[in-house]
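Working notes for the structure below.
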Amino acid sequence: MKLIHFSGLEKNLNCSKYNNIILSWNSDNSYIKDFKNKEIFYVAKFWQKNLYKVKNKVINFKKRLFPILCKELNLLNNINYSNKEWEILLEPWLNLYLETNYFRWLIINELTKIHKNFDYLEIRVRKRIPAFDTLQFNEFNYNDDVFNHLIFQDVLKFINKTKGKRTLKQKIFKLQNHFIYKMYTKIKNNFFLILYEKIISNIFQIKTLINLRTRKINFIKICLKLKILPFKGLSVFDRNKLIKITKKENFNKKKRMNLKFTLKSKSKFENYIFEKIKNDIPRIFIENFNDIKKIHQNELSQTNVVVSDAIHEYNPIFKSWLAAKKNSNKNFKIITADHGGLYGSSDRIYNYNHSISSIDLKYQKNILKKQISIPCLFLEKNNKNQKDKILIICKDIPKYPRHFFNGPMSEEINFEYFQVKGFIKNLEKHMNEKIFVRPYMVHNGWKLYKKYQEIVGKNKMIFENSHYQKLKDEAIIRIATYPQTAFLESLINGPTFLLLNTKHWYETKRNKKFMDILFKNKIAFKNGKDLALHLNKIENNIQGWWHQKKIQRSVNLFLKNTNIYDNDPTSQWAETLKKFIL
C-alpha cells in the first residue's frame with residue numbers, strides 16, 4: 001500500500017505499514033527518518049520540467065477569468081471600478097493563486113500516473129474561511145501545512161479520488177490566523193513622524209507622496225531636490241488600523257455564491273477554479289471591502305502622484321486608496337520602483353509593477369517599455385574599519401514553493417546547507433573560529449538556522465538586524481549564498497564571495513555572462529570545499545588579492561551590468577521624478 005505525504009500532517013497516522021511517497025518539501029527528518037519504506041518525489045525537478053507549461057496556462061486562463069471576476073466584484077460591491085483598478089487590488093494575489101493551484105494540480109496528475117492507487121490523509125478543519133488579504137494568503141500558501149494540505153485535498157475531491165482516503169477520528173485541524181496580527185503590529189511606526197505627517201497634511205496640500213525603503217538621508221535628499229515636503233503616508237496607511245477588521249473573521253458564503261462564473265471550459269483545472277475561487281477570494285475584496293475604504297475615505301484628496309517601491313504590493317489600505325484615486329482621477333500617476341539589489345531572471349509569469357504603474361523605475365540596464373533605468377539606492381560604499389571576522393550570509397525559503405522564476409525552491413535550498421557545511425569543515429581551524437552566520441530571517445520554512453546553530457554554536461549566530469548590519473560593514477570576509485541584495489551590498493564594500501549553484505537561479509543570458517566572470521576569477525564558487533581551500537591560500541593577504549586589477553575589474557563589470565551604481569543616486573532619482581511630478 002502507498003501513502004502520499006502532501007504536507008507533514010500525515011505524521012498523525014501510523015505510517016509504518018505503508019510505502020511512503022514523500023514530496024520533497026516534506027522530507028524533514030524529524031518525522032520520516034525512521035520510515036523503512038519511503039521514496040522522494042522531487043518537486044524542484046518536476047517544476048523545472050513544467051516551468052513554462054505553468055506560465056502559459058496561467059497567462060491564457062487569466063485573460064478569460066480576470067474580466068469576469070472584475071465584473072462580478074463590481075456588482076457584488078456596488079461600484080464601477082475599471083479592470084485596471086481591480087488589477088491594482090487583486091494582484092499579485094490572483095496570479096499567485098492560479099500559479100500555485102495549477103502547480104499542485106499538475107503534481108496530483110503526475111502522482112496518479114505514477115501511483116495509480118494510493119492512500120492519502122483527509123483532514124477536517126474548524127472554521128475554514130478565506131485569507132484576509134494577499135499577505136495572509138502568501139503566508140498560508142507558503143508555510144502552513146493545513147492550508148497546503150487542503151489544496152491537495154480539494155483537487156482530489158474534485159477529480160473524485162475518494163478511494164484510499166484516511167480520516168483521523170476526532171482530529172480537527174485549524175488554520176493559524178495569528179500570523180496576520182503579528183505582521184500588522186510588527187512594523188513600529190515612529191510617533192514623531194506620524195505626528196509630523198498629521199500636522200503637515202492638515203496645513204498643506206500633499207500633491208506628491210513618496211514611500212521608499214531607503215536610508216532617511218536619501219529620502220530627505222530626494223524630497224529636497226524635488227522641493228516637496230517629505231511625506232510617506234504613514235499616518236494614513238498604518239496597518240494597525242486593520243487589526244479590528246481582521247478579528248471580525250466574517251465570511252458571507254451566501255453573498256459569495258452570487259458570483260457567477262458561467263463559463264464552461266474543456267479544461268478540468270479551469271472548471272475546478274470556477275468552482276473553487278468563490279470561497280477563496282480574500283475577504284478584503286468582499287466582506288471587508290467597504291471597511292477598508294472607510295479608513296482612507298477623503299484622505300489625501302489633492303495627491304496626484306505616488307512613488308512606491310514596496311508598500312503598494314501588500315498594504316490593503318494603500319492598495320484600496322490607489323484604486324479609489326485612480327477611479328476618481330484619470331490623471332493620477334503611480335510610479336513604482338525596485339526595492340532592493342536585483343539579480344536573476346527578469347522572466348515572470350506576472351509583473352505587478354509593470355502592469356499597474358505609469359512608470360516603473362528599474363535598477364537594471366535591460367528594460368522594457370514604460371521602464372526607466374535608475375541608480376540603486378541600496379548600493380552605498382562605506383569607510384568602516386574592517387575587523388578579522390568572517391560573515392556567512394545565508395538564504396532560506398518558505399516550506400512550500402514560491403518565486404519560481406528567479407530563485408531556488410523546495411529541495412534546492414538543501415544545496416546551500418551542505419555547501420556551507422563543507423566550507424566550514426575545510427577552512428583552516430584558526431580561521432574557523434572567526435566565522436559568524438547570519439540566517440535568513442524572513443521566510444525560513446526549511447529552518448536552516450537550527451542546522452547552522454548546531455555547527456557554529458548559538459553565540460556565532462547573528463539574529464539581530466543592528467548586529468548584522470554592523471558586522472556586514474566590518475567583517476574582513478563576507479560570504480553570501482544568494483546573489484541578491486545582501487551580496488551586492490557586500491560586494492561593493494570589500495572582500496566578498498558567492499557560494500551558488502547557478503542551476504537553482506533562473507538567469508538571463510546577459511546576467512550569466514557577468515556571473516561567469518565571477519566564477520572564473522574565484523569570486524563565486526559552486527562548491528564550499530573549493531571556496532575554503534581558496535581562502536586558506538590567500539588568507540595572509542586577503543586585501544592584496546582583492547585589490548588586484550583583474551579582481552576589481554570583474555567586480556565592477558558585474559555591478560555595473562546587473563545593477564546601476566552611482567555615488568550620488570539621489571540626484572538622478574530627483575531628475576527622473578521631476579519629469580513626472582512637476
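So you can find residues: chains in the C-alpha cells are A, B, ... in the order shown, residues in each start at 1, and ligands are numbered from 1 in order.
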* Close residues, range 477-482 of chain A itself excluded, 8 Å, only C-alpha atoms, min 5 positions apart in chain, as an MDAnalysis selection string -> chainID A and resid 389:395 416 472 487 490 494:500
I'd like the neighbourhood of Ile538 in chain A as a PDB file with C-alpha atoms, in the first residue's frame, where a residue qualifies if any of its atoms comes within 12 Å (using only C-alpha atoms), though same-chain residues fewer than 5 positions away should be ignored.
ATOM      1  CA  LEU A 427      38.533  26.020   6.419  1.00  0.00           C
ATOM      2  CA  GLU A 428      41.712  26.223   8.500  1.00  0.00           C
ATOM      3  CA  MET A 431      40.010  30.892  10.537  1.00  0.00           C
ATOM      4  CA  ILE A 477      35.383  38.482   4.516  1.00  0.00           C
ATOM      5  CA  PRO A 495      36.264  41.010   0.019  1.00  0.00           C
ATOM      6  CA  LYS A 522      37.348  32.878  -7.911  1.00  0.00           C
ATOM      7  CA  LEU A 531      35.963  28.210  -1.531  1.00  0.00           C
ATOM      8  CA  ALA A 532      37.546  27.124   1.776  1.00  0.00           C
ATOM      9  CA  LEU A 533      40.752  25.983   0.050  1.00  0.00           C
ATOM     10  CA  GLN A 543      43.166  42.650   0.826  1.00  0.00           C
ATOM     11  CA  GLY A 544      46.076  42.432  -1.605  1.00  0.00           C
ATOM     12  CA  TRP A 545      44.315  39.653  -3.513  1.00  0.00           C
ATOM     13  CA  TRP A 546      41.015  41.536  -3.530  1.00  0.00           C
TER      14      TRP A 546
END
* When DSSP works through the backbone of this structure, what residues of range 72-309 of chain A end up as alpha helix (DSSP H), shown as a VMD selection string? -> chain A and resid 72 to 77 83 to 90 93 to 114 134 to 143 145 to 158 178 to 186 191 to 203 216 to 226 243 to 248 253 to 256 268 to 276 289 to 296
* Point-to-point distance in Å for CA of Tyr142 in chain A and CA of Met183 in chain A ->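 Computed distance, CA of Met183 in chain A to CA of Tyr142 in chain A, equals 15.3 Å.
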* Asked: Within 9 Å of Glu380 in chain A, counting only C-alpha atoms, which residues qualify if same-chain residues fewer than 4 places away don't, as an MDAnalysis selection string?
  -> chainID A and resid 376 489 492:493 565:567
Keeping only C-alpha atoms, write the selected residues as a PDB file, in the first residue's frame.
ATOM      1  CA  CYS A 376      20.254  51.621  -6.995  1.00  0.00           C
ATOM      2  CA  GLU A 489      25.740  45.423  -0.748  1.00  0.00           C
ATOM      3  CA  ILE A 492      30.737  46.904  -3.236  1.00  0.00           C
ATOM      4  CA  ASN A 493      32.471  47.225   0.145  1.00  0.00           C
ATOM      5  CA  TYR A 565      25.535  52.109  -9.313  1.00  0.00           C
ATOM      6  CA  ASP A 566      26.218  55.795  -8.719  1.00  0.00           C
ATOM      7  CA  ASN A 567      27.939  57.668  -5.894  1.00  0.00           C
TER       8      ASN A 567
END
May I have a table of the residues of range 49-147 of chain A lying at most 12 Å from range 293-309 of chain A, giving each one's closest pair of atoms and their distance in Å to one decimal, counting only C-alpha atoms, ordered by chain and ascending residue number, as JSON lines?
{"residue": "A:Asn77", "atom": "CA", "partner": "A:Lys293", "partner_atom": "CA", "distance": 11.4}
{"residue": "A:Ile79", "atom": "CA", "partner": "A:Lys293", "partner_atom": "CA", "distance": 11.9}
{"residue": "A:Leu89", "atom": "CA", "partner": "A:Lys293", "partner_atom": "CA", "distance": 11.9}
Requested write-out: N, CA, C and O atoms of the selected residues, as a PDB file, in the first residue's frame:
ATOM      1  N   ASN A  77     -20.006  44.558  -4.923  1.00  0.00           N
ATOM      2  CA  ASN A  77     -19.661  45.692  -4.060  1.00  0.00           C
ATOM      3  C   ASN A  77     -20.348  46.990  -4.458  1.00  0.00           C
ATOM      4  O   ASN A  77     -20.085  48.046  -3.860  1.00  0.00           O
ATOM      5  N   ILE A  79     -20.038  48.989  -7.078  1.00  0.00           N
ATOM      6  CA  ILE A  79     -19.118  50.043  -7.526  1.00  0.00           C
ATOM      7  C   ILE A  79     -18.893  49.878  -9.028  1.00  0.00           C
ATOM      8  O   ILE A  79     -19.405  48.937  -9.645  1.00  0.00           O
ATOM      9  N   LEU A  89      -5.889  46.116  -7.092  1.00  0.00           N
ATOM     10  CA  LEU A  89      -6.365  45.461  -5.877  1.00  0.00           C
ATOM     11  C   LEU A  89      -6.089  43.957  -5.857  1.00  0.00           C
ATOM     12  O   LEU A  89      -5.569  43.419  -4.874  1.00  0.00           O
TER      13      LEU A  89
END
* To do: Find the residues around Leu94 in chain A up to 10 Å (only C-alpha atoms counted), leave out those fewer than 6 positions away in its own chain, and share them as a ChimeraX atom specification.
  => /A:58,62,65-66,87,134,277,281-282,350
File dump, residues just selected, all heavy atoms, as a PDB file, in the first residue's frame:
ATOM      1  N   VAL A  58      -1.352  29.799 -16.949  1.00  0.00           N
ATOM      2  CA  VAL A  58      -1.828  30.871 -16.079  1.00  0.00           C
ATOM      3  C   VAL A  58      -2.128  32.127 -16.890  1.00  0.00           C
ATOM      4  O   VAL A  58      -3.169  32.772 -16.704  1.00  0.00           O
ATOM      5  CB  VAL A  58      -0.808  31.157 -14.957  1.00  0.00           C
ATOM      6  CG1 VAL A  58      -1.152  32.437 -14.218  1.00  0.00           C
ATOM      7  CG2 VAL A  58      -0.744  29.981 -13.987  1.00  0.00           C
ATOM      8  N   LYS A  62      -5.969  33.377 -17.192  1.00  0.00           N
ATOM      9  CA  LYS A  62      -6.276  34.638 -16.507  1.00  0.00           C
ATOM     10  C   LYS A  62      -6.898  35.664 -17.457  1.00  0.00           C
ATOM     11  O   LYS A  62      -7.717  36.479 -17.043  1.00  0.00           O
ATOM     12  CB  LYS A  62      -5.015  35.207 -15.843  1.00  0.00           C
ATOM     13  CG  LYS A  62      -5.344  36.278 -14.815  1.00  0.00           C
ATOM     14  CD  LYS A  62      -4.148  36.671 -13.991  1.00  0.00           C
ATOM     15  CE  LYS A  62      -3.181  37.494 -14.794  1.00  0.00           C
ATOM     16  NZ  LYS A  62      -2.127  38.081 -13.959  1.00  0.00           N
ATOM     17  N   LEU A  65     -10.502  34.739 -17.260  1.00  0.00           N
ATOM     18  CA  LEU A  65     -11.079  34.826 -15.919  1.00  0.00           C
ATOM     19  C   LEU A  65     -11.155  36.251 -15.390  1.00  0.00           C
ATOM     20  O   LEU A  65     -12.169  36.641 -14.782  1.00  0.00           O
ATOM     21  CB  LEU A  65     -10.253  33.961 -14.961  1.00  0.00           C
ATOM     22  CG  LEU A  65     -10.595  34.038 -13.475  1.00  0.00           C
ATOM     23  CD1 LEU A  65     -11.996  33.492 -13.224  1.00  0.00           C
ATOM     24  CD2 LEU A  65      -9.565  33.264 -12.644  1.00  0.00           C
ATOM     25  N   PHE A  66     -10.107  37.041 -15.613  1.00  0.00           N
ATOM     26  CA  PHE A  66      -9.981  38.341 -14.954  1.00  0.00           C
ATOM     27  C   PHE A  66     -11.139  39.299 -15.255  1.00  0.00           C
ATOM     28  O   PHE A  66     -11.718  39.876 -14.323  1.00  0.00           O
ATOM     29  CB  PHE A  66      -8.637  38.983 -15.320  1.00  0.00           C
ATOM     30  CG  PHE A  66      -8.353  40.257 -14.581  1.00  0.00           C
ATOM     31  CD1 PHE A  66      -8.079  40.228 -13.224  1.00  0.00           C
ATOM     32  CD2 PHE A  66      -8.379  41.484 -15.222  1.00  0.00           C
ATOM     33  CE1 PHE A  66      -7.817  41.394 -12.526  1.00  0.00           C
ATOM     34  CE2 PHE A  66      -8.131  42.644 -14.532  1.00  0.00           C
ATOM     35  CZ  PHE A  66      -7.843  42.606 -13.181  1.00  0.00           C
ATOM     36  N   GLU A  87      -7.077  45.472 -11.039  1.00  0.00           N
ATOM     37  CA  GLU A  87      -5.744  44.868 -11.112  1.00  0.00           C
ATOM     38  C   GLU A  87      -4.873  45.377  -9.965  1.00  0.00           C
ATOM     39  O   GLU A  87      -4.110  44.607  -9.368  1.00  0.00           O
ATOM     40  CB  GLU A  87      -5.091  45.187 -12.455  1.00  0.00           C
ATOM     41  CG  GLU A  87      -3.839  44.384 -12.712  1.00  0.00           C
ATOM     42  CD  GLU A  87      -3.365  44.471 -14.152  1.00  0.00           C
ATOM     43  OE1 GLU A  87      -3.714  45.449 -14.836  1.00  0.00           O
ATOM     44  OE2 GLU A  87      -2.653  43.566 -14.590  1.00  0.00           O
ATOM     45  N   THR A 134      -3.738  39.529   0.644  1.00  0.00           N
ATOM     46  CA  THR A 134      -2.671  38.858  -0.107  1.00  0.00           C
ATOM     47  C   THR A 134      -1.551  38.392   0.815  1.00  0.00           C
ATOM     48  O   THR A 134      -0.989  37.312   0.624  1.00  0.00           O
ATOM     49  CB  THR A 134      -2.096  39.801  -1.184  1.00  0.00           C
ATOM     50  OG1 THR A 134      -3.151  40.244  -2.023  1.00  0.00           O
ATOM     51  CG2 THR A 134      -1.061  39.092  -2.034  1.00  0.00           C
ATOM     52  N   ILE A 277     -12.931  29.271  -6.640  1.00  0.00           N
ATOM     53  CA  ILE A 277     -12.453  30.628  -6.365  1.00  0.00           C
ATOM     54  C   ILE A 277     -13.446  31.462  -5.543  1.00  0.00           C
ATOM     55  O   ILE A 277     -13.047  32.360  -4.803  1.00  0.00           O
ATOM     56  CB  ILE A 277     -12.094  31.354  -7.684  1.00  0.00           C
ATOM     57  CG1 ILE A 277     -11.234  32.591  -7.393  1.00  0.00           C
ATOM     58  CG2 ILE A 277     -13.339  31.699  -8.493  1.00  0.00           C
ATOM     59  CD1 ILE A 277     -10.665  33.240  -8.635  1.00  0.00           C
ATOM     60  N   ILE A 281     -11.462  33.900  -2.612  1.00  0.00           N
ATOM     61  CA  ILE A 281     -11.104  35.314  -2.786  1.00  0.00           C
ATOM     62  C   ILE A 281     -10.898  35.948  -1.412  1.00  0.00           C
ATOM     63  O   ILE A 281     -11.753  35.812  -0.525  1.00  0.00           O
ATOM     64  CB  ILE A 281     -12.211  36.068  -3.547  1.00  0.00           C
ATOM     65  CG1 ILE A 281     -12.383  35.475  -4.949  1.00  0.00           C
ATOM     66  CG2 ILE A 281     -11.903  37.559  -3.641  1.00  0.00           C
ATOM     67  CD1 ILE A 281     -13.632  35.970  -5.669  1.00  0.00           C
ATOM     68  N   PRO A 282      -9.779  36.618  -1.170  1.00  0.00           N
ATOM     69  CA  PRO A 282      -9.526  37.226   0.150  1.00  0.00           C
ATOM     70  C   PRO A 282     -10.666  38.137   0.602  1.00  0.00           C
ATOM     71  O   PRO A 282     -11.348  38.768  -0.197  1.00  0.00           O
ATOM     72  CB  PRO A 282      -8.233  38.016  -0.079  1.00  0.00           C
ATOM     73  CG  PRO A 282      -7.521  37.241  -1.137  1.00  0.00           C
ATOM     74  CD  PRO A 282      -8.614  36.770  -2.069  1.00  0.00           C
ATOM     75  N   TYR A 350       3.931  37.085 -14.066  1.00  0.00           N
ATOM     76  CA  TYR A 350       3.187  38.346 -13.990  1.00  0.00           C
ATOM     77  C   TYR A 350       4.072  39.394 -13.340  1.00  0.00           C
ATOM     78  O   TYR A 350       4.686  39.150 -12.306  1.00  0.00           O
ATOM     79  CB  TYR A 350       1.907  38.155 -13.172  1.00  0.00           C
ATOM     80  CG  TYR A 350       1.167  39.438 -12.898  1.00  0.00           C
ATOM     81  CD1 TYR A 350       0.379  40.020 -13.878  1.00  0.00           C
ATOM     82  CD2 TYR A 350       1.262  40.064 -11.662  1.00  0.00           C
ATOM     83  CE1 TYR A 350      -0.298  41.209 -13.634  1.00  0.00           C
ATOM     84  CE2 TYR A 350       0.596  41.244 -11.407  1.00  0.00           C
ATOM     85  CZ  TYR A 350      -0.190  41.809 -12.392  1.00  0.00           C
ATOM     86  OH  TYR A 350      -0.852  42.979 -12.152  1.00  0.00           O
TER      87      TYR A 350
END
* **Nearest candidate to Glu91 in chain A (options A:His5, A:Lys319, A:Lys17, A:Lys429; using only C-alpha atoms)** =>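 Selected residue with least distance to Glu91 in chain A: A:Lys319.
Residue neighbourhood of Lys276 in chain A, excluding near-sequence residues (fewer than 6 positions): Asp154, Val155, Phe158 and Glu270 of chain A, at 10 Å, using only C-alpha atoms.
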* Given only C-alpha atoms as the counted atoms, nearest of A:Ser358, A:Asn101, A:Gln386, A:Ser265 to Asp280 in chain A ->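 The answer is A:Asn101, which sits nearest to Asp280 in chain A.
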* To do: Could you check which of A:Lys447, A:Lys38, A:Arg256, A:Lys326 is closest to Ile88 in chain A, using only C-alpha atoms?
  => A:Lys326
* To do: Find the residue from A:His534, A:Lys260, A:Lys460, A:Lys278 that sits nearest to Phe423 in chain A; use only C-alpha atoms when measuring.
  =>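 Nearest to Phe423 in chain A: A:His534.
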* DSSP-assigned strand (DSSP E) members of range 190-428 of chain A, reported as a list in words ->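 These are the residues in question: Thr208, Leu209, Ile210, Asn211, Val305, Val306, Val307, Ser308, Lys333, Ile334, Ile335, Thr336, Ala337, Ile359, Asp360, Leu361, Lys362, Gln371, Ile372, Ser373, Lys387, Asp388, Lys389, Ile390, Leu391, Ile392 and Ile393 of chain A.
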* Structure fact -> re CA of Asn74 in chain A and CA of Asn258 in chain A: distance 12.0 Å
Do you know which residues are at most 9 Å from Ile317 in chain A counting only C-alpha atoms, after dropping those on the same chain fewer than 4 positions away, and could you put them as a compact mmCIF listing (two decimals) with N, CA, C and O atoms, in the first residue's frame?
# COMPACT_ATOMS: atom_id res chain seq x y z
N VAL A 236 -1.72 57.67 7.36
CA VAL A 236 -2.95 57.23 6.70
C VAL A 236 -2.97 55.71 6.52
O VAL A 236 -3.98 55.05 6.74
N PHE A 237 -1.82 55.15 6.12
CA PHE A 237 -1.78 53.74 5.72
C PHE A 237 -1.21 52.82 6.79
O PHE A 237 -0.61 51.79 6.48
N ASP A 238 -1.39 53.20 8.04
CA ASP A 238 -0.91 52.40 9.17
C ASP A 238 -1.69 51.08 9.23
O ASP A 238 -2.91 51.06 9.42
N ARG A 239 -0.99 49.95 9.08
CA ARG A 239 -1.66 48.65 9.04
C ARG A 239 -2.27 48.25 10.38
O ARG A 239 -3.11 47.35 10.44
N LYS A 241 -4.42 49.79 11.78
CA LYS A 241 -5.84 50.11 11.64
C LYS A 241 -6.66 48.93 11.14
O LYS A 241 -7.89 48.95 11.17
N LEU A 242 -5.98 47.91 10.67
CA LEU A 242 -6.66 46.74 10.12
C LEU A 242 -6.94 45.66 11.16
O LEU A 242 -7.71 44.73 10.91
N ILE A 292 -12.41 48.75 4.64
CA ILE A 292 -11.08 49.29 4.33
C ILE A 292 -11.19 50.62 3.60
O ILE A 292 -10.40 51.54 3.84
N LYS A 293 -12.19 50.75 2.74
CA LYS A 293 -12.39 52.05 2.05
C LYS A 293 -12.65 53.18 3.04
O LYS A 293 -12.20 54.31 2.85
N ILE A 295 -11.41 53.59 5.94
CA ILE A 295 -10.19 54.02 6.62
C ILE A 295 -9.54 55.20 5.90
O ILE A 295 -9.05 56.14 6.53
N HIS A 296 -9.53 55.16 4.55
CA HIS A 296 -8.83 56.22 3.80
C HIS A 296 -9.78 57.20 3.12
O HIS A 296 -9.34 58.03 2.33
N TRP A 321 -6.75 52.64 -1.45
CA TRP A 321 -6.68 54.08 -1.73
C TRP A 321 -6.21 54.33 -3.17
O TRP A 321 -6.76 55.19 -3.86
N LEU A 322 -5.21 53.58 -3.62
CA LEU A 322 -4.72 53.74 -5.00
C LEU A 322 -5.84 53.48 -6.01
O LEU A 322 -6.03 54.25 -6.96
* Structure fact -> The residue from A:Tyr449, A:Phe514, A:Phe46, A:Phe274 with the smallest atom-to-atom distance to Leu111 in chain A, counting only C-alpha atoms, is A:Phe46
